[in-house]
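This report refers to the structure that appears directly beneath it.
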Amino acid sequence: MTFGKGARLHLIDGSAYIFRAYHALPPLTRKSDGLPVGAVAGFSNMLWKYISDQQGGDAPTHAAVIFDHSSKTFRNEIYSDYKANRPPPPEDLRPQFPLTRDATRAFNIACIETEGYEADDIIAALACQARDAGGEVTIISSDKDLMQLVGDGVTMLDPMKNKVIGPDEVAEKFGVGPDRVVDVQALAGDSVDNVPGAPGIGIKTAAQLINEYGDLETLLARAGEIKQPKRRQTLIDHAEQIRISKRLVELDCDTPLDFTLDSLEVKEPDATALLTFLSEMEFRTLTNRVAEKLGAEAPAVASATPSEVAAAPEQPAIDASSYRNTVDRAALDQWIADIRERGYVAIDTETTGLDEMQADLVGISLATEPGKATYIPLGHVAGGDDLFGQSQRLEGQMDLDEVLAALKPVLEDPAILKIGQNLKYDWKILRRHGITMTPIADTMLMSYALNAGTHNHGMDELAERYLGHKCIPIKDLIGSGKSQITFAQVDLDKAGAYAAEDADVTLRLYQHFAPMLPDQRVTTVYETLERPMVPVLGQMEMAGIRIDGDVLKRMSNAFAQKMAQLEDEIHELAGQSFNVGSPKQLGEILFDKMGLPGGKQGKTGAYSTSADVLEDLAVDHDLPARVLDWRQISKLKSTYTDALPTYVNKDTGRVHTSYSIAGAQTGRLASTDPNLQNIPIRSEEGRRIREAFVAASGHKLVSLDYSQIELRILAHVADIPALKQAFRDGIDIHAMTASQMFNVPVEGMDPMIRRQAKAINFGVIYGISGFGLSRNLRIPRAEAQAFIDTYFERFPEIRAYMDQTVADAKRDGFVRTLFGRRINTPGINQSGPAAGGARRAAINAPIQGAAADIIRRAMIRMPDAIRNLPAQMLLQVHDELVFEVEDGAVDELIAVARDIMENAAEPAVKLSVPLVVDAGQGVNWAEAH
DNA sequence: GCCCTCACG
DNA sequence: GACGTACGTGAGGGCT
């Protein structure tokens, strides 16, 4: 097609892609030879995503990726310091530049660079030509220097935010239209590119001046009329420098091009060329993905590191058709003999659901070496509808009890390792059948010890990342949504392929991860903080906690009444009826109809109606105050009083949460289905929900919680003498902080002062900012910043610790807790706003993580310590453990459990501050806490 | 399935 | 000079 009317040209800013890819990804290297390829990988992924996204009716007819060629351009002749303070590209990025060109060509997209010109110049020339020929141009970049090109026929697209940048967006950024952007840039200058501009003038002022005088030349000619003396003098003194700046930022249409627009026509990628490139780069996931999409065979991708090869030589490909179901005793006995001989087995159970307390066992799969796996179907039924709602058991399955009886000695044999993925699930299922698996290994927890912070640890993700294998999705077997069936209804062949594959994959993951634990120095973490959690949490979850449904029911009714009443009042105040629960509708009422102050927020453009905002409005208005009340009650009702009773198990009459061991980045547990780690306590109405968590008759609930554990850890790791002494002396730590900061005595301290010190103490743990503290305390930002400055002056060790932690994270790509837990920090070397978040997370992780380690250590020792007491450990809430104890044994339990908790760090770590545990007891959780 | 909001440590 | 801002979670309801 000849370029002309109707043609659509996409111009991709290649250099921006490269740097974004480089900073967004950890420093990957090609496994076979160590060549750095992280940026190439990210770049290729972005190109692939771009191509995949361009399938609609407005897909481009022409496209090109444009690169910068060299750092010296004609602009250096205009101004020798242009881009002079830009650091050279990182060592490991440099060899990747030519590879990104290769990648572009492999994707069959035109690849353009010209000696002596920046990518921006070429983009400008192409955009002009294409526009003049009657085509439409989209520049894929968020570079502000390109915004001057926006106009008729030319738009930009921010590839990260997927947001179109048109004249309005340009005006929003620069305060002037695209045609005046260069004037503003000339005045404001640019520190990144070292464009001087006019000193003391930023974009805001520049836009104001240009809007007042029309354009830059008029402004410079009439500079003498400017009222502000300093500004006037600046413009007069620096007129020449400003004109040079304009020439630096200005892009013109006359960059010589040695090719035509027609040559940029979009072509289909050549499958062979593309797949060859990707497999040579050893991008396994992308190779497979591209092959699948193009309907081509993926070439083999080299993968294994030397240590992996040693662990698992010549693994056969994962092939679901190679497995055979085990359906008779002779075959089962053979498997058992094989397992006994080897001393290990990978195991996976298939059930009718996700709730281990309710799901029925449907089958068991086993694997003993890569490629050697089987499925033992036990409870499969006919799929279709049956006569009386009775399910028809399928032929060709062994008897469940017989199989379990045969496997039990193996599964409980202390000399045979049972390997699983998320083995807590299978452990609980089998425990319900009287089998207690031990010893165990868990590939999910191995990955967590190694890779926390980098990615999640589900089997499908691990298989894809580390084995280059895409597992059969469960949805392919049981469907989804309303028509979903249970695994019991899946036919035996399909079930066998799926289940045996899971065991096979688990075994391979085990072989992959096992040698890496010592390599990465996380063996101790895995062995002492991860693996032992499985039986401990398994028992806690199976114990469950009793809930008084009547109490919740009564509260729910009361809440319903109160909500209805509040709703009426709110509608009355609003003058119309609307859904109070809809932030969208509420925002429109508050800000459009009533005209209250409080602007738009967020990328969706919706009004924020968060509690923060409503609290400010509530000072002068009744409606937001009522909405706050309504929200609180609505939350309590829907999330707690209504939802909790639905989780009561029919058989046990108790609620059984499930803890994720590998869910949180820091080592904390997370509680789901239901979440029992966020039961209300801060408000009085909410706190009463805890009255419904009750002990069995003749028992009490006992709660033990660590006092200030994170601050104590901070005092220890950052080695802060004043803080450590205060903890040793048992002084009120927030009052002590306030006393040090504001030079007031601890005795008779103003509670407000103490409150502020407390907020700062917590803020420090989170990587404090003046902004955050000012919002939290509702004080002016300058005041908050002054507090923080004083704090760091009084406790300089904290600043040093924070700087050191961030430096470590930047150097290593991870931080560690006192106990060696490794938390990876990808993104710590990013630049821009995202870096702030990564920094704070890196500062917080060792503190939050060490606290998590300590309570894990206590929990792991607890079952043995309390084995002779009539007591059970039921819940963990980050720094709190909840027990159910017979009435007569409460005091003894408290003594024993407190001792374990207070000494949990030892002997691994000798803390320089004491750990203190507070205890409470009662018939319900509200009393006990 | 995403966003907003809010419950906890 | 501007950006976006406390760390870590899970769940329910609205809306598309």
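Naming works like this for the structure tokens: A, B, ... for the chains as they're shown, residue 1 at the start of each chain, ligands 1 onward in shown order.
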Using only C-alpha atoms (C1' of nucleotides) and a distance of at most 9 Å, pull out the residues of chain A that contact chain B, as a PDB file with C-alpha atoms, in the first residue's frame.
ATOM      1  CA  PRO A 583     -19.021   5.816  45.910  1.00  0.00           C
ATOM      2  CA  THR A 604     -10.653   6.746  36.606  1.00  0.00           C
ATOM      3  CA  SER A 608     -12.763  10.045  46.124  1.00  0.00           C
ATOM      4  CA  THR A 609     -15.216   9.544  48.965  1.00  0.00           C
ATOM      5  CA  SER A 610     -12.824   7.759  51.327  1.00  0.00           C
ATOM      6  CA  ALA A 611     -13.159   8.185  55.080  1.00  0.00           C
ATOM      7  CA  ARG A 631     -20.362   2.848  56.134  1.00  0.00           C
ATOM      8  CA  GLN A 632     -19.033   1.619  59.442  1.00  0.00           C
ATOM      9  CA  LYS A 635     -18.949  -2.962  56.796  1.00  0.00           C
ATOM     10  CA  LEU A 636     -19.531  -4.673  60.132  1.00  0.00           C
ATOM     11  CA  THR A 639     -18.157  -8.559  56.266  1.00  0.00           C
ATOM     12  CA  LEU A 676      -9.748 -13.997  61.005  1.00  0.00           C
ATOM     13  CA  GLN A 677      -6.847 -11.563  61.174  1.00  0.00           C
ATOM     14  CA  ASN A 678      -8.992  -8.496  60.626  1.00  0.00           C
ATOM     15  CA  ILE A 679     -11.792  -8.941  63.123  1.00  0.00           C
ATOM     16  CA  PRO A 680     -12.727  -5.447  64.369  1.00  0.00           C
ATOM     17  CA  ILE A 681     -11.302  -4.049  67.589  1.00  0.00           C
ATOM     18  CA  ARG A 682     -10.569  -0.352  67.091  1.00  0.00           C
ATOM     19  CA  VAL A 877      -2.914 -12.490  64.301  1.00  0.00           C
ATOM     20  CA  HIS A 878       0.631 -11.365  63.422  1.00  0.00           C
ATOM     21  CA  ASP A 879       1.714 -10.564  66.980  1.00  0.00           C
TER      22      ASP A 879
END
I want to know what sits within 10 Å of DG1 in chain C, based on only C-alpha atoms (C1' of nucleotides), with residues of the same chain fewer than 2 positions away left out; could you give that as an mmCIF file with C-alpha atoms (C1' of nucleotides), in the first residue's frame?
data_model
loop_
_atom_site.group_PDB
_atom_site.id
_atom_site.type_symbol
_atom_site.label_atom_id
_atom_site.label_comp_id
_atom_site.auth_asym_id
_atom_site.auth_seq_id
_atom_site.Cartn_x
_atom_site.Cartn_y
_atom_site.Cartn_z
ATOM 1 C CA ALA A 188 11.830 26.260 31.921
ATOM 2 C CA GLY A 200 14.379 30.273 38.527
ATOM 3 C CA ILE A 201 11.638 29.748 35.974
ATOM 4 C CA GLY A 202 9.746 26.485 35.911
ATOM 5 C CA ILE A 203 6.956 25.194 33.763
ATOM 6 C CA LYS A 204 4.249 26.987 35.720
ATOM 7 C "C1'" DC C 3 5.676 13.601 41.336
#
TODO: Write down, as a ChimeraX atom specification, each residue of chain A that has any atom within 6 Å of an atom of chain C, counting only C-alpha atoms (C1' of nucleotides).
DONE: /A:582,763,766,768,772,844
Those of range 114-324 of chain A in DSSP helix (DSSP H, G or I), formatted as a compact mmCIF listing (two decimals) with N, CA and C atoms, in the first residue's frame:
# COMPACT_ATOMS: atom_id res chain seq x y z
N ALA A 119 16.54 9.99 18.24
CA ALA A 119 15.30 9.34 17.83
C ALA A 119 14.19 10.38 17.66
N ASP A 120 14.18 11.38 18.55
CA ASP A 120 13.13 12.40 18.48
C ASP A 120 13.11 13.12 17.13
N ASP A 121 14.31 13.38 16.56
CA ASP A 121 14.37 14.09 15.29
C ASP A 121 13.77 13.25 14.17
N ILE A 122 14.10 11.97 14.19
CA ILE A 122 13.59 11.08 13.14
C ILE A 122 12.08 10.93 13.28
N ILE A 123 11.65 10.80 14.54
CA ILE A 123 10.21 10.70 14.77
C ILE A 123 9.50 11.94 14.25
N ALA A 124 10.10 13.11 14.50
CA ALA A 124 9.48 14.36 14.05
C ALA A 124 9.38 14.39 12.53
N ALA A 125 10.48 14.03 11.86
CA ALA A 125 10.48 14.09 10.40
C ALA A 125 9.44 13.12 9.82
N LEU A 126 9.42 11.91 10.37
CA LEU A 126 8.45 10.93 9.87
C LEU A 126 7.02 11.39 10.14
N ALA A 127 6.79 11.94 11.31
CA ALA A 127 5.44 12.39 11.65
C ALA A 127 4.99 13.48 10.70
N CYS A 128 5.89 14.42 10.40
CA CYS A 128 5.53 15.51 9.48
C CYS A 128 5.19 14.95 8.10
N GLN A 129 6.08 14.11 7.60
CA GLN A 129 5.86 13.54 6.26
C GLN A 129 4.53 12.80 6.19
N ALA A 130 4.30 11.97 7.19
CA ALA A 130 3.10 11.14 7.16
C ALA A 130 1.85 12.00 7.26
N ARG A 131 1.91 13.01 8.13
CA ARG A 131 0.76 13.89 8.27
C ARG A 131 0.50 14.64 6.97
N ASP A 132 1.56 15.15 6.36
CA ASP A 132 1.39 15.92 5.13
C ASP A 132 0.86 15.05 3.99
N LYS A 144 8.07 13.83 27.14
CA LYS A 144 7.47 15.16 27.03
C LYS A 144 8.07 15.95 25.88
N ASP A 145 9.33 15.61 25.49
CA ASP A 145 9.96 16.34 24.39
C ASP A 145 9.26 16.12 23.06
N LEU A 146 8.46 15.06 22.98
CA LEU A 146 7.76 14.78 21.73
C LEU A 146 6.38 15.43 21.67
N MET A 147 5.97 16.01 22.80
CA MET A 147 4.59 16.51 22.87
C MET A 147 4.36 17.70 21.94
N GLN A 148 5.44 18.38 21.56
CA GLN A 148 5.28 19.51 20.63
C GLN A 148 4.75 19.05 19.27
N LEU A 149 4.86 17.75 18.99
CA LEU A 149 4.43 17.25 17.67
C LEU A 149 2.93 16.97 17.62
N PRO A 167 -3.99 17.04 22.39
CA PRO A 167 -3.73 18.44 22.73
C PRO A 167 -4.14 18.79 24.17
N ASP A 168 -5.25 18.20 24.64
CA ASP A 168 -5.71 18.53 25.98
C ASP A 168 -4.71 18.06 27.03
N GLU A 169 -4.19 16.84 26.84
CA GLU A 169 -3.25 16.30 27.81
C GLU A 169 -1.94 17.10 27.80
N VAL A 170 -1.56 17.53 26.60
CA VAL A 170 -0.35 18.35 26.50
C VAL A 170 -0.56 19.67 27.25
N ALA A 171 -1.72 20.25 27.02
CA ALA A 171 -2.02 21.52 27.69
C ALA A 171 -2.04 21.33 29.20
N GLU A 172 -2.51 20.18 29.62
CA GLU A 172 -2.56 19.90 31.06
C GLU A 172 -1.16 19.87 31.65
N LYS A 173 -0.23 19.32 30.88
CA LYS A 173 1.13 19.18 31.40
C LYS A 173 1.92 20.49 31.32
N PHE A 174 1.75 21.20 30.19
CA PHE A 174 2.59 22.37 29.97
C PHE A 174 1.87 23.70 30.18
N PRO A 178 0.14 22.46 22.19
CA PRO A 178 1.33 21.84 21.62
C PRO A 178 2.20 22.81 20.84
N ASP A 179 1.58 23.79 20.17
CA ASP A 179 2.36 24.70 19.32
C ASP A 179 3.23 25.65 20.14
N ARG A 180 2.97 25.76 21.43
CA ARG A 180 3.78 26.65 22.28
C ARG A 180 4.64 25.87 23.29
N VAL A 181 4.61 24.55 23.18
CA VAL A 181 5.35 23.74 24.14
C VAL A 181 6.84 24.08 24.12
N VAL A 182 7.41 24.26 22.92
CA VAL A 182 8.85 24.54 22.87
C VAL A 182 9.18 25.88 23.54
N ASP A 183 8.27 26.82 23.46
CA ASP A 183 8.52 28.11 24.12
C ASP A 183 8.61 27.91 25.63
N VAL A 184 7.69 27.11 26.15
CA VAL A 184 7.69 26.85 27.59
C VAL A 184 8.95 26.08 27.99
N GLN A 185 9.28 25.07 27.18
CA GLN A 185 10.47 24.28 27.50
C GLN A 185 11.74 25.13 27.43
N ALA A 186 11.77 26.05 26.47
CA ALA A 186 12.95 26.92 26.33
C ALA A 186 13.13 27.76 27.58
N LEU A 187 12.04 28.22 28.16
CA LEU A 187 12.12 29.04 29.36
C LEU A 187 12.42 28.19 30.60
N ALA A 188 11.72 27.06 30.69
CA ALA A 188 11.83 26.26 31.92
C ALA A 188 13.12 25.46 31.94
N ILE A 203 8.00 25.33 34.77
CA ILE A 203 6.96 25.19 33.76
C ILE A 203 5.76 26.10 34.07
N LYS A 204 5.41 26.17 35.35
CA LYS A 204 4.25 26.99 35.72
C LYS A 204 4.44 28.45 35.31
N THR A 205 5.56 28.99 35.71
CA THR A 205 5.83 30.40 35.41
C THR A 205 5.96 30.61 33.90
N ALA A 206 6.65 29.67 33.26
CA ALA A 206 6.86 29.80 31.82
C ALA A 206 5.52 29.85 31.09
N ALA A 207 4.62 28.93 31.47
CA ALA A 207 3.32 28.88 30.80
C ALA A 207 2.56 30.18 31.01
N GLN A 208 2.65 30.69 32.22
CA GLN A 208 1.95 31.93 32.53
C GLN A 208 2.47 33.07 31.66
N LEU A 209 3.79 33.14 31.49
CA LEU A 209 4.39 34.20 30.68
C LEU A 209 3.99 34.05 29.21
N ILE A 210 4.07 32.82 28.71
CA ILE A 210 3.75 32.61 27.30
C ILE A 210 2.28 32.94 27.04
N ASN A 211 1.42 32.53 27.95
CA ASN A 211 0.00 32.82 27.76
C ASN A 211 -0.26 34.32 27.78
N GLU A 212 0.55 35.03 28.55
CA GLU A 212 0.34 36.47 28.64
C GLU A 212 0.85 37.20 27.40
N TYR A 213 2.00 36.76 26.89
CA TYR A 213 2.62 37.51 25.80
C TYR A 213 2.46 36.86 24.43
N LEU A 216 7.32 33.22 22.50
CA LEU A 216 8.59 33.48 23.16
C LEU A 216 9.25 34.76 22.65
N GLU A 217 9.25 34.97 21.33
CA GLU A 217 9.93 36.15 20.79
C GLU A 217 9.27 37.43 21.28
N THR A 218 7.94 37.45 21.27
CA THR A 218 7.23 38.62 21.78
C THR A 218 7.60 38.85 23.23
N LEU A 219 7.63 37.76 23.98
CA LEU A 219 7.95 37.87 25.41
C LEU A 219 9.34 38.47 25.59
N LEU A 220 10.33 37.94 24.84
CA LEU A 220 11.69 38.45 25.02
C LEU A 220 11.79 39.91 24.57
N ALA A 221 11.04 40.25 23.51
CA ALA A 221 11.06 41.63 23.02
C ALA A 221 10.45 42.58 24.04
N ALA A 223 10.20 42.02 27.34
CA ALA A 223 10.57 41.58 28.69
C ALA A 223 10.58 42.74 29.69
N GLY A 224 10.91 43.94 29.20
CA GLY A 224 10.97 45.10 30.07
C GLY A 224 9.66 45.42 30.75
N GLU A 225 8.53 44.89 30.19
CA GLU A 225 7.22 45.22 30.77
C GLU A 225 6.86 44.35 31.98
N PRO A 229 10.42 42.39 39.36
CA PRO A 229 11.76 42.87 38.96
C PRO A 229 12.74 41.74 38.71
N LYS A 230 12.73 40.72 39.56
CA LYS A 230 13.71 39.64 39.44
C LYS A 230 13.49 38.88 38.14
N ARG A 231 12.22 38.59 37.88
CA ARG A 231 11.88 37.82 36.68
C ARG A 231 12.25 38.61 35.42
N ARG A 232 11.95 39.92 35.48
CA ARG A 232 12.24 40.79 34.34
C ARG A 232 13.73 40.74 34.02
N GLN A 233 14.55 40.87 35.08
CA GLN A 233 15.99 40.91 34.87
C GLN A 233 16.50 39.56 34.33
N THR A 234 15.93 38.49 34.86
CA THR A 234 16.35 37.15 34.40
C THR A 234 16.15 37.02 32.90
N LEU A 235 14.98 37.42 32.43
CA LEU A 235 14.68 37.25 31.01
C LEU A 235 15.58 38.14 30.15
N ILE A 236 15.84 39.33 30.63
CA ILE A 236 16.69 40.23 29.85
C ILE A 236 18.12 39.68 29.81
N ASP A 237 18.62 39.24 30.99
CA ASP A 237 20.01 38.78 31.07
C ASP A 237 20.22 37.48 30.28
N ALA A 239 18.43 36.15 27.68
CA ALA A 239 17.69 36.02 26.42
C ALA A 239 18.40 35.08 25.45
N GLU A 240 19.69 35.23 25.35
CA GLU A 240 20.42 34.41 24.39
C GLU A 240 20.37 32.93 24.79
N GLN A 241 20.59 32.71 26.09
CA GLN A 241 20.55 31.33 26.60
C GLN A 241 19.18 30.69 26.37
N ILE A 242 18.13 31.51 26.47
CA ILE A 242 16.79 30.99 26.26
C ILE A 242 16.59 30.63 24.79
N ARG A 243 17.15 31.46 23.91
CA ARG A 243 17.01 31.17 22.48
C ARG A 243 17.75 29.89 22.11
N ILE A 244 18.92 29.72 22.73
CA ILE A 244 19.67 28.48 22.48
C ILE A 244 18.86 27.29 23.00
N SER A 245 18.26 27.44 24.16
CA SER A 245 17.45 26.36 24.73
C SER A 245 16.33 25.98 23.79
N LYS A 246 15.75 26.99 23.16
CA LYS A 246 14.66 26.70 22.24
C LYS A 246 15.16 25.85 21.07
N ARG A 247 16.34 26.20 20.58
CA ARG A 247 16.87 25.41 19.45
C ARG A 247 17.18 23.98 19.89
N LEU A 248 17.52 23.82 21.17
CA LEU A 248 17.81 22.46 21.65
C LEU A 248 16.57 21.59 21.75
N VAL A 249 15.47 22.20 22.16
CA VAL A 249 14.27 21.38 22.38
C VAL A 249 13.42 21.27 21.12
N LEU A 261 8.34 6.32 3.43
CA LEU A 261 7.26 5.88 4.31
C LEU A 261 6.74 4.51 3.88
N ASP A 262 6.71 4.30 2.57
CA ASP A 262 6.16 3.04 2.06
C ASP A 262 6.92 1.83 2.60
N SER A 263 8.21 2.04 2.87
CA SER A 263 9.01 0.90 3.31
C SER A 263 8.68 0.49 4.74
N LEU A 264 7.85 1.28 5.42
CA LEU A 264 7.52 0.96 6.80
C LEU A 264 6.25 0.12 6.93
N ALA A 271 7.62 -16.51 11.43
CA ALA A 271 7.64 -17.36 12.62
C ALA A 271 9.02 -17.96 12.87
N THR A 272 9.64 -18.44 11.84
CA THR A 272 10.94 -19.09 12.02
C THR A 272 11.99 -18.11 12.54
N ALA A 273 12.06 -16.95 11.88
CA ALA A 273 13.07 -15.98 12.29
C ALA A 273 12.84 -15.53 13.73
N LEU A 274 11.59 -15.25 14.03
CA LEU A 274 11.28 -14.74 15.36
C LEU A 274 11.57 -15.79 16.44
N LEU A 275 11.10 -17.00 16.19
CA LEU A 275 11.29 -18.05 17.21
C LEU A 275 12.76 -18.41 17.36
N THR A 276 13.50 -18.34 16.26
CA THR A 276 14.94 -18.60 16.37
C THR A 276 15.61 -17.57 17.27
N PHE A 277 15.27 -16.30 17.03
CA PHE A 277 15.85 -15.25 17.86
C PHE A 277 15.51 -15.46 19.34
N LEU A 278 14.21 -15.67 19.61
CA LEU A 278 13.77 -15.78 21.00
C LEU A 278 14.39 -16.98 21.69
N SER A 279 14.50 -18.10 20.98
CA SER A 279 15.06 -19.28 21.63
C SER A 279 16.57 -19.12 21.83
N GLU A 280 17.22 -18.40 20.91
CA GLU A 280 18.65 -18.14 21.12
C GLU A 280 18.88 -17.25 22.34
N ARG A 284 12.28 -18.52 27.50
CA ARG A 284 11.46 -19.70 27.33
C ARG A 284 9.96 -19.39 27.27
N THR A 285 9.51 -18.60 28.24
CA THR A 285 8.08 -18.33 28.31
C THR A 285 7.59 -17.63 27.05
N LEU A 286 8.35 -16.60 26.65
CA LEU A 286 7.93 -15.83 25.47
C LEU A 286 7.99 -16.69 24.21
N THR A 287 9.02 -17.52 24.11
CA THR A 287 9.12 -18.40 22.95
C THR A 287 7.87 -19.27 22.84
N ASN A 288 7.50 -19.86 23.97
CA ASN A 288 6.32 -20.73 23.95
C ASN A 288 5.06 -19.95 23.61
N ARG A 289 4.97 -18.78 24.17
CA ARG A 289 3.78 -17.97 23.97
C ARG A 289 3.65 -17.58 22.49
N VAL A 290 4.77 -17.15 21.93
CA VAL A 290 4.76 -16.72 20.53
C VAL A 290 4.47 -17.92 19.63
N ALA A 291 5.09 -19.06 19.95
CA ALA A 291 4.89 -20.25 19.13
C ALA A 291 3.42 -20.63 19.12
N GLU A 292 2.82 -20.57 20.30
CA GLU A 292 1.41 -20.95 20.41
C GLU A 292 0.55 -20.03 19.54
N LYS A 293 0.82 -18.73 19.64
CA LYS A 293 0.02 -17.76 18.91
C LYS A 293 0.21 -17.89 17.40
N LEU A 294 1.42 -18.16 16.97
CA LEU A 294 1.69 -18.24 15.54
C LEU A 294 1.43 -19.64 14.99
N PRO A 306 24.29 -25.30 35.49
CA PRO A 306 25.10 -26.49 35.78
C PRO A 306 24.60 -27.27 36.99
N SER A 307 24.22 -26.55 38.07
CA SER A 307 23.82 -27.28 39.28
C SER A 307 22.51 -28.03 39.05
N GLU A 308 21.64 -27.45 38.22
CA GLU A 308 20.40 -28.16 37.93
C GLU A 308 20.67 -29.45 37.18
N VAL A 309 21.59 -29.37 36.24
CA VAL A 309 21.89 -30.54 35.45
C VAL A 309 22.35 -31.66 36.37
N ALA A 310 23.21 -31.28 37.32
CA ALA A 310 23.71 -32.28 38.25
C ALA A 310 22.56 -32.91 39.02
N ALA A 311 21.59 -32.08 39.38
CA ALA A 311 20.49 -32.59 40.19
C ALA A 311 19.54 -33.44 39.37
N ALA A 320 1.65 -35.54 29.28
CA ALA A 320 0.52 -36.06 30.05
C ALA A 320 0.01 -37.39 29.49
N SER A 321 0.31 -37.66 28.21
CA SER A 321 -0.24 -38.90 27.63
C SER A 321 0.57 -40.12 28.06
N SER A 322 1.69 -39.90 28.74
CA SER A 322 2.54 -41.04 29.09
C SER A 322 2.16 -41.66 30.44
Open item on the list: Please compute the CA of Ser141 in chain A-CA of Asp13 in chain A distance, one decimal, in Å.
Closed with: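 Taking CA of Ser141 in chain A and CA of Asp13 in chain A, their separation equals 5.6 Å.
Within 8 Å of Asp193 in chain A, once only C-alpha atoms (C1' of nucleotides) are used and residues closer than 2 positions along the same chain are dropped, the contacting residues are Tyr82, Lys83, Ala84, Asn85, Arg86, Asp190, Ser191 and Val195 of chain A.
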Filtering to N, CA, C and O atoms, could you give me those residues as a PDB file, in the first residue's frame?
ATOM      1  N   TYR A  82      24.972  19.973  26.146  1.00  0.00           N
ATOM      2  CA  TYR A  82      23.680  19.314  25.993  1.00  0.00           C
ATOM      3  C   TYR A  82      23.775  17.850  26.437  1.00  0.00           C
ATOM      4  O   TYR A  82      24.654  17.111  25.986  1.00  0.00           O
ATOM      5  N   LYS A  83      22.885  17.467  27.340  1.00  0.00           N
ATOM      6  CA  LYS A  83      22.867  16.110  27.909  1.00  0.00           C
ATOM      7  C   LYS A  83      24.196  15.727  28.557  1.00  0.00           C
ATOM      8  O   LYS A  83      24.521  14.545  28.666  1.00  0.00           O
ATOM      9  N   ALA A  84      24.945  16.757  28.987  1.00  0.00           N
ATOM     10  CA  ALA A  84      26.287  16.465  29.506  1.00  0.00           C
ATOM     11  C   ALA A  84      26.232  15.772  30.862  1.00  0.00           C
ATOM     12  O   ALA A  84      27.112  14.988  31.193  1.00  0.00           O
ATOM     13  N   ASN A  85      25.216  16.074  31.627  1.00  0.00           N
ATOM     14  CA  ASN A  85      25.218  15.457  32.959  1.00  0.00           C
ATOM     15  C   ASN A  85      24.432  14.150  32.997  1.00  0.00           C
ATOM     16  O   ASN A  85      24.072  13.651  34.052  1.00  0.00           O
ATOM     17  N   ARG A  86      24.172  13.616  31.808  1.00  0.00           N
ATOM     18  CA  ARG A  86      23.500  12.322  31.796  1.00  0.00           C
ATOM     19  C   ARG A  86      24.537  11.222  32.034  1.00  0.00           C
ATOM     20  O   ARG A  86      25.569  11.192  31.370  1.00  0.00           O
ATOM     21  N   ASP A 190      15.586  22.060  31.225  1.00  0.00           N
ATOM     22  CA  ASP A 190      15.372  20.656  31.582  1.00  0.00           C
ATOM     23  C   ASP A 190      16.660  20.125  32.201  1.00  0.00           C
ATOM     24  O   ASP A 190      17.690  20.042  31.528  1.00  0.00           O
ATOM     25  N   SER A 191      16.583  19.829  33.481  1.00  0.00           N
ATOM     26  CA  SER A 191      17.804  19.418  34.173  1.00  0.00           C
ATOM     27  C   SER A 191      18.273  18.049  33.680  1.00  0.00           C
ATOM     28  O   SER A 191      19.458  17.762  33.672  1.00  0.00           O
ATOM     29  N   VAL A 195      19.313  21.213  29.495  1.00  0.00           N
ATOM     30  CA  VAL A 195      18.914  22.395  28.730  1.00  0.00           C
ATOM     31  C   VAL A 195      18.804  23.538  29.732  1.00  0.00           C
ATOM     32  O   VAL A 195      18.070  23.412  30.716  1.00  0.00           O
TER      33      VAL A 195
END
- [ ] Could you check how far CA of Arg654 in chain A sits from CA of Ala543 in chain A, in Å to one decimal?
- [x] 8.1 Å
Open item on the list: From a backbone DSSP assignment, name each residue in range 228-362 of chain A labelled strand (DSSP E), as number ranges by chain.
Closed with: A: 324-325, 344-351, 361-362
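Counting from CA of Ala405 in chain A, the distance to CA of Leu417 in chain A is 18.1 Å.
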